[in-house]
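Source file target.csv; content: CSV, C-alpha atoms and all ligand atoms.
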```csv
chain,number,residue,atom,x,y,z
T,7,MET,CA,-98.1,128.6,187.0
T,8,TYR,CA,-97.5,131.6,184.8
T,9,LYS,CA,-97.4,134.8,186.9
T,10,THR,CA,-97.3,137.5,184.2
T,11,ALA,CA,-98.8,137.4,180.8
T,12,MET,CA,-99.7,139.8,178.0
T,13,LEU,CA,-102.8,138.9,175.8
T,14,ILE,CA,-102.8,140.7,172.5
T,15,TYR,CA,-106.0,140.9,170.5
T,16,ASN,CA,-107.2,142.5,167.3
T,17,GLY,CA,-109.1,145.7,167.8
T,18,ASN,CA,-110.4,145.3,164.3
T,19,ALA,CA,-112.3,142.1,164.9
T,20,GLY,CA,-115.7,143.6,165.7
T,21,GLN,CA,-116.6,144.7,169.1
T,22,LYS,CA,-119.6,142.3,169.6
T,23,GLN,CA,-117.7,139.3,168.5
T,24,MET,CA,-114.6,140.2,170.6
T,25,ASP,CA,-116.8,140.8,173.7
T,26,LYS,CA,-118.1,137.3,173.3
T,27,ILE,CA,-114.7,135.7,172.8
T,28,LEU,CA,-113.2,137.6,175.8
T,29,ALA,CA,-116.1,136.6,178.0
T,30,GLN,CA,-115.3,133.0,177.4
T,31,ILE,CA,-111.6,133.1,178.0
T,32,ILE,CA,-110.8,135.9,180.6
T,33,GLY,CA,-112.3,133.8,183.4
T,34,PRO,CA,-110.1,130.8,183.2
T,35,LEU,CA,-107.0,132.9,182.2
T,36,SER,CA,-107.3,135.5,185.0
T,37,LEU,CA,-107.9,132.8,187.6
T,38,ALA,CA,-104.7,131.1,186.6
T,39,ILE,CA,-102.5,134.2,185.8
T,40,PRO,CA,-102.4,136.8,188.6
T,41,ASN,CA,-100.9,139.5,186.4
T,42,LEU,CA,-102.6,139.4,183.1
T,43,THR,CA,-102.5,142.4,180.8
T,44,LEU,CA,-104.9,142.8,177.8
T,45,LEU,CA,-103.6,144.8,174.9
T,46,GLN,CA,-105.9,145.7,172.0
T,47,THR,CA,-104.4,146.6,168.6
T,48,GLN,CA,-105.4,149.9,167.1
T,49,LYS,CA,-103.7,149.4,163.8
T,50,PRO,CA,-101.6,146.9,161.8
T,51,GLY,CA,-98.2,146.6,163.3
T,52,ASP,CA,-99.3,147.1,166.9
T,53,ALA,CA,-99.1,143.4,167.9
T,54,GLU,CA,-95.4,143.3,166.7
T,55,HIS,CA,-94.7,146.5,168.5
T,56,PHE,CA,-96.2,145.3,171.7
T,57,CYS,CA,-94.2,142.1,171.6
T,58,ARG,CA,-90.9,143.9,170.9
T,59,GLN,CA,-91.6,146.6,173.5
T,60,HIS,CA,-92.9,144.5,176.3
T,61,GLY,CA,-92.1,140.8,175.5
T,62,GLU,CA,-89.1,140.7,177.8
T,63,GLU,CA,-91.2,141.9,180.8
T,64,VAL,CA,-93.6,139.0,180.8
T,65,GLU,CA,-93.4,135.2,181.2
T,66,LEU,CA,-96.0,134.5,178.6
T,67,VAL,CA,-97.5,136.2,175.5
T,68,ILE,CA,-100.8,135.1,174.2
T,69,ALA,CA,-101.9,136.0,170.7
T,70,LEU,CA,-105.7,136.0,170.4
T,71,GLY,CA,-106.4,136.1,166.7
T,72,GLY,CA,-105.6,134.5,163.4
T,73,ASP,CA,-102.4,133.9,161.5
T,74,GLY,CA,-102.0,137.7,160.9
T,75,THR,CA,-101.8,138.4,164.6
T,76,VAL,CA,-99.5,135.3,165.2
T,77,HIS,CA,-97.2,136.5,162.4
T,78,GLU,CA,-96.8,139.9,164.0
T,79,CYS,CA,-96.2,138.4,167.4
T,80,ILE,CA,-93.5,136.0,166.0
T,81,ASN,CA,-91.8,139.0,164.3
T,82,GLY,CA,-91.9,141.0,167.5
T,83,LEU,CA,-90.7,138.3,169.8
T,84,SER,CA,-88.0,136.6,167.6
T,85,PRO,CA,-85.4,139.4,167.7
T,86,LEU,CA,-85.6,139.6,171.6
T,87,ASP,CA,-82.7,138.2,173.6
T,88,LYS,CA,-85.0,137.0,176.4
T,89,ARG,CA,-88.1,135.6,174.7
T,90,PRO,CA,-91.2,134.8,176.7
T,91,ILE,CA,-93.3,131.6,176.2
T,92,PHE,CA,-95.7,132.1,173.3
T,93,SER,CA,-99.2,130.7,172.9
T,94,VAL,CA,-102.1,131.2,170.6
T,95,ILE,CA,-105.9,131.3,171.2
T,96,PRO,CA,-107.0,130.8,167.6
T,97,SER,CA,-109.8,133.1,166.3
T,98,GLY,CA,-108.9,133.6,162.7
T,99,THR,CA,-110.1,131.8,159.6
T,100,CYS,CA,-107.2,129.5,158.9
T,101,ASN,CA,-105.3,129.4,162.2
T,102,ASP,CA,-102.4,127.5,160.5
T,103,PHE,CA,-99.9,128.0,163.3
T,104,ALA,CA,-102.3,127.0,166.0
T,105,ARG,CA,-103.2,123.9,164.0
T,106,ALA,CA,-99.5,123.1,163.6
T,107,LEU,CA,-99.2,123.3,167.4
T,108,ASP,CA,-102.2,121.0,167.8
T,109,ILE,CA,-104.0,123.8,169.8
T,110,PRO,CA,-107.7,123.2,170.0
T,111,LEU,CA,-109.6,125.5,167.7
T,112,ASN,CA,-112.3,126.0,170.3
T,113,ILE,CA,-111.2,129.2,172.0
T,114,LYS,CA,-112.4,128.1,175.5
T,115,GLN,CA,-110.4,124.9,175.2
T,116,ALA,CA,-107.4,126.8,174.0
T,117,ALA,CA,-107.6,129.1,177.0
T,118,MET,CA,-107.9,126.1,179.3
T,119,LEU,CA,-104.8,124.6,177.8
T,120,ILE,CA,-102.9,127.8,178.8
T,121,SER,CA,-104.5,128.1,182.2
T,122,GLU,CA,-103.7,124.4,183.0
T,123,GLU,CA,-100.2,124.9,181.6
T,124,GLY,CA,-100.2,122.7,178.5
T,125,ILE,CA,-97.1,121.1,177.2
T,126,GLU,CA,-94.3,123.6,176.5
T,127,GLU,CA,-92.0,122.9,173.5
T,128,GLU,CA,-89.3,124.7,171.8
T,129,VAL,CA,-90.1,125.2,168.1
T,130,ASP,CA,-88.1,126.4,165.2
T,131,ILE,CA,-88.6,129.8,163.7
T,132,VAL,CA,-87.2,130.8,160.3
T,133,GLN,CA,-85.5,134.1,159.7
T,134,THR,CA,-85.9,135.4,156.2
T,135,ASN,CA,-84.1,138.6,155.4
T,136,ASP,CA,-85.2,140.9,158.2
T,137,GLN,CA,-88.4,139.0,159.0
T,138,TYR,CA,-89.4,135.7,160.6
T,139,PHE,CA,-92.0,133.0,159.9
T,140,GLY,CA,-93.3,130.2,161.9
T,141,ASN,CA,-95.3,128.4,159.3
T,142,PHE,CA,-94.4,128.9,155.7
T,143,TRP,CA,-92.8,131.0,153.0
T,144,GLY,CA,-94.2,130.8,149.5
T,145,THR,CA,-94.0,132.4,146.1
T,146,GLY,CA,-95.7,131.7,142.9
T,147,LEU,CA,-99.3,130.5,142.9
T,148,ILE,CA,-99.6,130.4,146.6
T,149,ALA,CA,-98.8,134.1,146.9
T,150,GLU,CA,-101.0,135.1,144.0
T,151,ALA,CA,-103.7,132.9,145.4
T,152,SER,CA,-103.7,134.5,148.8
T,153,LEU,CA,-103.6,137.9,147.3
T,154,ASN,CA,-106.9,137.1,145.5
T,155,ILE,CA,-108.7,136.1,148.7
T,156,ASP,CA,-111.1,138.8,149.6
T,157,GLU,CA,-112.5,138.7,153.1
T,158,GLN,CA,-115.9,137.5,151.8
T,159,SER,CA,-114.6,134.5,150.0
T,160,LYS,CA,-112.5,133.6,153.0
T,161,GLY,CA,-115.6,133.4,155.1
T,162,VAL,CA,-117.7,131.5,152.5
T,163,PHE,CA,-115.1,129.0,151.5
T,164,GLY,CA,-113.3,128.8,154.8
T,165,ARG,CA,-110.5,126.3,154.8
T,166,LEU,CA,-110.5,125.9,151.0
T,167,SER,CA,-110.3,129.5,150.2
T,168,TYR,CA,-106.6,129.5,149.4
T,169,TYR,CA,-106.9,126.6,147.0
T,170,VAL,CA,-110.1,127.9,145.4
T,171,SER,CA,-108.1,131.1,144.6
T,172,ALA,CA,-105.1,129.1,143.6
T,173,ILE,CA,-107.1,127.1,141.1
T,174,LYS,CA,-108.7,130.3,139.8
T,175,SER,CA,-105.3,131.8,139.2
T,176,MET,CA,-103.8,128.6,137.7
T,177,THR,CA,-104.9,129.5,134.2
T,178,ALA,CA,-102.2,132.1,134.3
T,179,GLN,CA,-99.5,129.4,134.3
T,180,ASP,CA,-96.8,131.8,135.1
T,181,ARG,CA,-93.6,130.0,135.5
T,182,PHE,CA,-90.7,131.9,136.8
T,183,SER,CA,-87.0,131.1,136.9
T,184,PHE,CA,-85.0,131.2,140.0
T,185,GLU,CA,-81.6,130.4,141.4
T,186,MET,CA,-81.3,128.6,144.7
T,187,GLU,CA,-78.4,127.9,146.9
T,188,VAL,CA,-78.8,125.0,149.4
T,189,ASP,CA,-76.0,123.5,151.5
T,190,GLY,CA,-73.3,124.9,149.2
T,191,GLU,CA,-75.0,123.7,146.0
T,192,THR,CA,-76.5,126.0,143.4
T,193,LEU,CA,-79.6,125.0,141.5
T,194,LYS,CA,-81.1,126.9,138.6
T,195,ASP,CA,-84.7,126.0,137.6
T,196,GLU,CA,-88.2,127.1,136.7
T,197,ALA,CA,-91.3,126.7,138.8
T,198,VAL,CA,-94.9,127.8,139.2
T,199,MET,CA,-94.5,127.8,143.0
T,200,VAL,CA,-91.8,127.4,145.6
T,201,LEU,CA,-92.8,126.6,149.2
T,202,ALA,CA,-90.7,126.4,152.3
T,203,LEU,CA,-92.6,124.8,155.2
T,204,ASN,CA,-91.8,124.9,158.8
T,205,GLY,CA,-95.3,124.1,160.0
T,206,ARG,CA,-97.5,121.6,158.1
T,207,PHE,CA,-100.6,123.7,157.4
T,208,ILE,CA,-101.3,126.2,154.6
T,209,GLY,CA,-104.8,127.6,154.3
T,210,ALA,CA,-106.0,125.2,157.0
T,211,THR,CA,-105.0,122.3,154.8
T,212,GLU,CA,-102.5,119.8,156.2
T,213,PHE,CA,-99.6,118.7,154.0
T,214,PRO,CA,-99.5,115.0,154.3
T,215,LEU,CA,-95.8,114.7,154.7
T,216,SER,CA,-94.4,113.4,157.9
T,217,SER,CA,-91.0,115.1,157.5
T,218,ILE,CA,-92.5,118.5,158.1
T,219,GLN,CA,-91.8,119.1,161.8
T,220,LEU,CA,-91.7,122.3,163.8
T,221,ASN,CA,-88.7,121.1,165.9
T,222,ASP,CA,-86.3,119.4,163.5
T,223,GLY,CA,-84.1,122.4,162.6
T,224,LYS,CA,-85.2,122.1,159.0
T,225,ILE,CA,-87.6,123.5,156.5
T,226,ASP,CA,-89.2,121.3,153.9
T,227,VAL,CA,-88.8,122.9,150.5
T,228,MET,CA,-91.1,122.1,147.6
T,229,VAL,CA,-90.4,123.2,144.1
T,230,ILE,CA,-93.6,122.7,142.1
T,231,LYS,CA,-92.7,122.8,138.5
T,232,GLU,CA,-96.0,122.5,136.8
T,233,ALA,CA,-99.4,123.9,137.5
T,234,GLY,CA,-100.7,120.5,136.9
T,235,PHE,CA,-103.2,119.3,139.4
T,236,PRO,CA,-101.9,116.0,140.8
T,237,LEU,CA,-100.5,117.5,143.9
T,238,PHE,CA,-103.4,119.8,144.6
T,239,LYS,CA,-105.9,117.1,143.9
T,240,GLU,CA,-104.3,114.7,146.4
T,241,ILE,CA,-103.9,117.4,149.0
T,242,LEU,CA,-107.4,118.7,148.6
T,243,SER,CA,-108.8,115.2,148.9
T,244,ALA,CA,-106.9,115.1,152.3
T,245,LYS,CA,-105.3,111.8,151.5
T,246,ALA,CA,-103.2,110.5,154.3
T,247,THR,CA,-100.2,110.0,152.0
T,248,VAL,CA,-99.4,111.7,148.8
T,249,ASP,CA,-97.4,109.6,146.3
T,250,TRP,CA,-94.4,111.8,146.1
T,251,GLU,CA,-92.6,109.3,143.9
T,252,LYS,CA,-95.3,109.6,141.3
T,253,ASP,CA,-95.1,113.3,141.4
T,254,LYS,CA,-91.3,113.5,141.3
T,255,SER,CA,-91.2,114.9,137.8
T,256,THR,CA,-93.3,117.8,138.7
T,257,ILE,CA,-92.2,118.4,142.4
T,258,ASP,CA,-88.8,118.5,144.0
T,259,HIS,CA,-88.9,118.0,147.7
T,260,PHE,CA,-85.9,118.4,150.0
T,261,GLN,CA,-85.0,119.6,153.5
T,262,ALA,CA,-82.6,122.4,154.4
T,263,SER,CA,-81.5,124.3,157.4
T,264,SER,CA,-80.7,127.4,155.3
T,265,LEU,CA,-81.1,128.4,151.8
T,266,LYS,CA,-81.0,131.4,149.4
T,267,ILE,CA,-83.4,132.0,146.6
T,268,SER,CA,-83.3,134.7,143.9
T,269,THR,CA,-86.1,135.0,141.4
T,270,SER,CA,-85.5,136.6,138.0
T,271,SER,CA,-87.7,139.5,138.9
T,272,LYS,CA,-89.5,140.9,142.0
T,273,ARG,CA,-92.4,138.6,143.0
T,274,TYR,CA,-95.1,138.5,145.6
T,275,ILE,CA,-94.1,136.5,148.7
T,276,ASP,CA,-96.5,135.0,151.1
T,277,LEU,CA,-95.2,134.8,154.6
T,278,ASP,CA,-97.6,133.0,157.0
T,279,GLY,CA,-100.5,134.4,155.0
T,280,GLU,CA,-99.1,138.0,154.9
T,281,HIS,CA,-97.9,139.6,151.6
T,282,TYR,CA,-94.6,141.1,150.8
T,283,GLU,CA,-92.6,141.6,147.6
T,284,GLY,CA,-89.0,140.8,146.8
T,285,LYS,CA,-86.4,139.1,144.6
T,286,ASP,CA,-83.6,137.9,146.8
T,287,HIS,CA,-84.3,135.9,149.9
T,288,SER,CA,-82.3,134.1,152.4
T,289,MET,CA,-83.8,131.7,155.0
T,290,THR,CA,-82.1,130.4,158.1
T,291,VAL,CA,-83.8,128.0,160.5
T,292,LEU,CA,-83.4,129.2,164.1
T,293,PRO,CA,-83.7,125.8,166.0
T,294,GLY,CA,-85.9,125.8,169.0
T,295,HIS,CA,-86.1,129.6,168.9
T,296,LEU,CA,-89.5,130.0,170.6
T,297,ASN,CA,-90.9,128.2,173.5
T,298,VAL,CA,-94.6,127.6,172.8
T,299,VAL,CA,-97.6,126.1,174.6
T,300,LYS,CA,-98.7,123.1,172.6
T,301,GLY,CA,-101.8,121.0,172.5
T,302,ASN,CA,-102.0,117.2,172.5
T,303,ARG,CA,-102.3,115.7,169.1
T,304,GLY,CA,-105.1,113.3,168.6
S,401,LIG,N1,-106.9,147.7,164.9
S,401,LIG,C1,-106.6,147.2,163.7
S,401,LIG,N2,-107.1,147.7,162.5
S,401,LIG,C2,-106.9,147.2,161.3
S,401,LIG,N3,-106.1,146.1,161.1
S,401,LIG,C3,-105.6,145.5,162.2
S,401,LIG,C4,-105.8,146.0,163.5
S,401,LIG,N4,-105.2,145.2,164.4
S,401,LIG,C5,-104.6,144.3,163.6
S,401,LIG,N5,-104.8,144.5,162.3
S,401,LIG,C6,-104.3,143.6,161.2
S,401,LIG,O1,-105.3,142.6,161.0
S,401,LIG,C7,-104.6,141.4,160.7
S,401,LIG,C8,-104.8,140.3,161.7
S,401,LIG,O2,-105.9,139.6,161.5
S,401,LIG,P1,-106.1,138.1,162.1
S,401,LIG,O3,-105.2,137.9,163.2
S,401,LIG,O4,-107.5,137.9,162.3
S,401,LIG,O5,-105.4,137.3,161.0
S,401,LIG,P2,-105.9,136.6,159.7
S,401,LIG,O6,-104.8,136.8,158.7
S,401,LIG,O7,-107.3,137.0,159.3
S,401,LIG,O8,-105.9,135.1,160.2
S,401,LIG,P3,-106.2,133.8,159.5
S,401,LIG,O9,-105.3,133.7,158.3
S,401,LIG,O10,-105.9,132.7,160.5
S,401,LIG,O11,-107.6,133.8,159.1
S,401,LIG,C9,-103.1,141.7,160.6
S,401,LIG,O12,-102.7,141.8,159.3
S,401,LIG,C10,-103.0,143.0,161.4
S,401,LIG,O13,-101.9,143.7,160.9
```

Before anything else, please render the file you have as structure tokens.
Ligand SMILES: Nc1ncnc2c1ncn2[C@@H]1O[C@H](COP(=O)(O)OP(=O)(O)OP(=O)(O)O)[C@@H](O)[C@H]1O
Amino acid sequence: MYKTAMLIYNGNAGQKQMDKILAQIIGPLSLAIPNLTLLQTQKPGDAEHFCRQHGEEVELVIALGGDGTVHECINGLSPLDKRPIFSVIPSGTCNDFARALDIPLNIKQAAMLISEEGIEEEVDIVQTNDQYFGNFWGTGLIAEASLNIDEQSKGVFGRLSYYVSAIKSMTAQDRFSFEMEVDGETLKDEAVMVLALNGRFIGATEFPLSSIQLNDGKIDVMVIKEAGFPLFKEILSAKATVDWEKDKSTIDHFQASSLKISTSSKRYIDLDGEHYEGKDHSMTVLPGHLNVVKGNRG
């Protein structure tokens, strides 16, 4: 039984909607957790700050929100020496990290999972320069695409919004050159998109690739060389298996525990759905860095 927990939620989410959500989850959580503190964010950055400031004082941190809130919490918790258990009650649009943890998307069920102490598991977190990600790092079309998502289209298209935007921006065909260093080997190439996946969801779409595991000490790197549609078509059609052999000429796929990538110029970077800019990036997998509450798959 968890004795102390901090629940962080987005103060920007709309009072009425948040009241409804809180009404469903506070009952089961406060019955199970005697010392439960609720913290509402007042501005971007607050969730990260709360985690950094108070994370070591509690047994459990619960992020009630979408991938933006989760991203901030991961960045606040990862630098701590004594890291609390982390869990998510998903209330965003994509909820990629919650999906990767097999957490129910129904908020009441997600709260029940915590109050009944779901399975705890240590998952990998990836450090990139002075930041961290739990789900993915991407540059190229993925970053451009998510930049193009306005809140309205996110609502209307829901899970497909990333890809609708990606397809929209594909006409640009902007290839970029990069240099990558993986396990002592240097590779120079061009691509339209480079992805490093820790979790298996991007924009609520699952990558049908069984090697993507949150607890294998590795990231799965995809170098997509052409803005051709084979990969997207197959992923969008949610096929159980993508024929990677067939796509070999347009996609390189490998695993790494650390890598460095430098692009020829500054580019947009998408980190778990949040945007940054940069040119030189290093990534190091921190194996089993966060202990999380997981759901049951299936
Ligand atoms: N009080 C606030 N006012 C304005 N922005 C805030 C506030 N609190 C948090 N934020 C910002 O809102 C975003 C969090 O939104 P949320 O958790 O719903 O993620 P999301 O990115 O919409 O999720 P998903 O990708 O799953 O849909 C973060 O970028 C955070 O910095």

| message | From the options T:Ile208, T:Leu42, T:Leu13, T:Val200, which residue's atoms come nearest to Cys57 in chain T, counting all atoms listed in the file? | response |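 Comparing T:Ile208, T:Leu42, T:Leu13, T:Val200 against Cys57 in chain T, the winner is T:Leu13.
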
| note | Using only C-alpha atoms and all ligand atoms, the best pick from T:Gly33, T:Gly51, T:Pro110, T:Gly82 as closest to ligand LIG 401 (chain S) would be T:Gly51

Sorted by chain and rising residue number, which residues of chain T lie within 10 Å of ligand LIG 401 (chain S), and what are their closest atom pairs and distances in Å to one decimal, counting all atoms listed in the file, as a tab-separated table?
```
residue	atom	partner	partner_atom	distance
T:Ile14	CA	S:LIG401	N4	9.6
T:Tyr15	CA	S:LIG401	N4	7.5
T:Asn16	CA	S:LIG401	N4	4.4
T:Gly17	CA	S:LIG401	N1	4.2
T:Asn18	CA	S:LIG401	N1	4.3
T:Ala19	CA	S:LIG401	O4	6.9
T:Gly20	CA	S:LIG401	N1	9.7
T:Gln46	CA	S:LIG401	N1	7.4
T:Thr47	CA	S:LIG401	N4	4.5
T:Gln48	CA	S:LIG401	N1	3.5
T:Lys49	CA	S:LIG401	C1	3.6
T:Pro50	CA	S:LIG401	O13	3.3
T:Gly51	CA	S:LIG401	O13	5.3
T:Asp52	CA	S:LIG401	N4	6.7
T:Ala53	CA	S:LIG401	C5	7.0
T:Glu54	CA	S:LIG401	O13	8.7
T:Ala69	CA	S:LIG401	O3	8.4
T:Leu70	CA	S:LIG401	O3	7.5
T:Gly71	CA	S:LIG401	O3	4.1
T:Gly72	CA	S:LIG401	O8	3.3
T:Asp73	CA	S:LIG401	O10	3.8
T:Gly74	CA	S:LIG401	O5	3.4
T:Thr75	CA	S:LIG401	O3	3.7
T:Val76	CA	S:LIG401	O3	6.6
T:His77	CA	S:LIG401	C9	8.1
T:Glu78	CA	S:LIG401	O13	7.1
T:Cys79	CA	S:LIG401	O3	9.9
T:Pro96	CA	S:LIG401	O10	7.4
T:Ser97	CA	S:LIG401	O4	6.7
T:Gly98	CA	S:LIG401	O10	3.8
T:Thr99	CA	S:LIG401	O11	3.2
T:Cys100	CA	S:LIG401	O10	3.8
T:Asn101	CA	S:LIG401	O10	3.8
T:Asp102	CA	S:LIG401	O10	6.3
T:Phe103	CA	S:LIG401	O10	8.1
T:Ala104	CA	S:LIG401	O10	8.7
T:Arg105	CA	S:LIG401	O10	9.8
T:Ser152	CA	S:LIG401	O9	9.7
T:Glu157	CA	S:LIG401	O7	8.3
T:Lys160	CA	S:LIG401	O11	7.8
T:Gly161	CA	S:LIG401	O11	9.0
T:Gly164	CA	S:LIG401	O11	8.7
T:Arg165	CA	S:LIG401	O11	9.1
T:Tyr168	CA	S:LIG401	O9	9.9
T:Ile208	CA	S:LIG401	O9	9.3
T:Gly209	CA	S:LIG401	O9	7.3
T:Ala210	CA	S:LIG401	O10	8.3
T:Asp278	CA	S:LIG401	O9	7.8
T:Gly279	CA	S:LIG401	O9	5.9
T:Glu280	CA	S:LIG401	O12	6.8
T:His281	CA	S:LIG401	O12	9.3
```

| Ser216 in chain T: which residues within 9 Å, counting only C-alpha atoms, same-chain residues fewer than 2 positions away excluded, as a PyMOL selection string? | chain T and resi 206+213-214+218-219+247

| From the list T:Thr269, T:Asn112, T:Thr211, T:Ser36, which residue is nearest Arg181 in chain T when using only C-alpha atoms? |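 Looking only at the distances to Arg181 in chain T, the closest residue turns out to be T:Thr269.
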
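Straight-line separation from CA of Ser268 in chain T to CA of Pro293 in chain T: 23.8 Å.
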
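Straight-line separation from CA of Asn204 in chain T to CA of Trp143 in chain T: 8.5 Å.
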
| Atomic distance CA of Asp258 in chain T - CA of Leu193 in chain T, expressed in Å with one decimal |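 Distance reported for this atom pair: 11.5 Å.
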
| query | Got a sec: who's within 8 Å of Ile31 in chain T, counting all atoms listed in the file, leaving out chain neighbours fewer than 6 positions off, as a list in words? | reply |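 Surrounding residues, per the criterion: Ile113, Lys114 and Ala117 of chain T.
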
Restricting it to C-alpha atoms, dump the selection as an mmCIF file, in the coordinates of the input.
```
data_model
loop_
_atom_site.group_PDB
_atom_site.id
_atom_site.type_symbol
_atom_site.label_atom_id
_atom_site.label_comp_id
_atom_site.auth_asym_id
_atom_site.auth_seq_id
_atom_site.Cartn_x
_atom_site.Cartn_y
_atom_site.Cartn_z
ATOM 1 C CA ILE T 113 -111.200 129.200 172.000
ATOM 2 C CA LYS T 114 -112.400 128.100 175.500
ATOM 3 C CA ALA T 117 -107.600 129.100 177.000
#
```

| note | Across T:Val129, T:Met24, T:Val299, T:Met199, the smallest distance to Tyr274 in chain T, with all atoms listed in the file counted, is shown by T:Met199

| said: Around (-81.7, 134.8, 143.9), as given in the file, which residues come within 7 Å? Count only C-alpha atoms and list them as a PyMOL selection string. | reply: chain T and resi 184-186+266-269+285-287

| request: Skip Val64 in chain T itself and residues of its chain fewer than 3 positions away, then list as a PyMOL selection string all residues within 9 Å of it, counting all atoms listed in the file. | output: chain T and resi 9-12+60-61+67+89-91

| Given the choices T:Lys231, T:Asn135, T:Lys88, T:His295, which gets closest to Tyr282 in chain T if the distance is worked out from all atoms listed in the file? |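 Of T:Lys231, T:Asn135, T:Lys88, T:His295, the one nearest Tyr282 in chain T, counting all atoms listed in the file, is T:Asn135.
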
| said: Could you list, as a list in words, every residue within 9 Å of Glu232 in chain T, counting all atoms listed in the file and ignoring same-chain residues fewer than 4 positions away? | reply: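 Counting only the stated atoms, we get Gln179, Arg181, Ala197, Val198, Met199, Thr256 and Ile257 of chain T.
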
Preceding selection exported with C-alpha atoms as a PDB file, in the frame of the given file:
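Result file is out-v8.pdb:
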```pdb
ATOM      1  CA  GLN T 179     -99.500 129.400 134.300  1.00  0.00           C
ATOM      2  CA  ARG T 181     -93.600 130.000 135.500  1.00  0.00           C
ATOM      3  CA  ALA T 197     -91.300 126.700 138.800  1.00  0.00           C
ATOM      4  CA  VAL T 198     -94.900 127.800 139.200  1.00  0.00           C
ATOM      5  CA  MET T 199     -94.500 127.800 143.000  1.00  0.00           C
ATOM      6  CA  THR T 256     -93.300 117.800 138.700  1.00  0.00           C
ATOM      7  CA  ILE T 257     -92.200 118.400 142.400  1.00  0.00           C
TER       8      ILE T 257
END
```

| request: Kindly indicate which residue among T:Asp108, T:Asp189, T:Asp180, T:Glu126 lies nearest to Thr145 in chain T, using only C-alpha atoms for the distances. | output: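 Looking at the shortest contact to Thr145 in chain T, the residue is T:Asp180.
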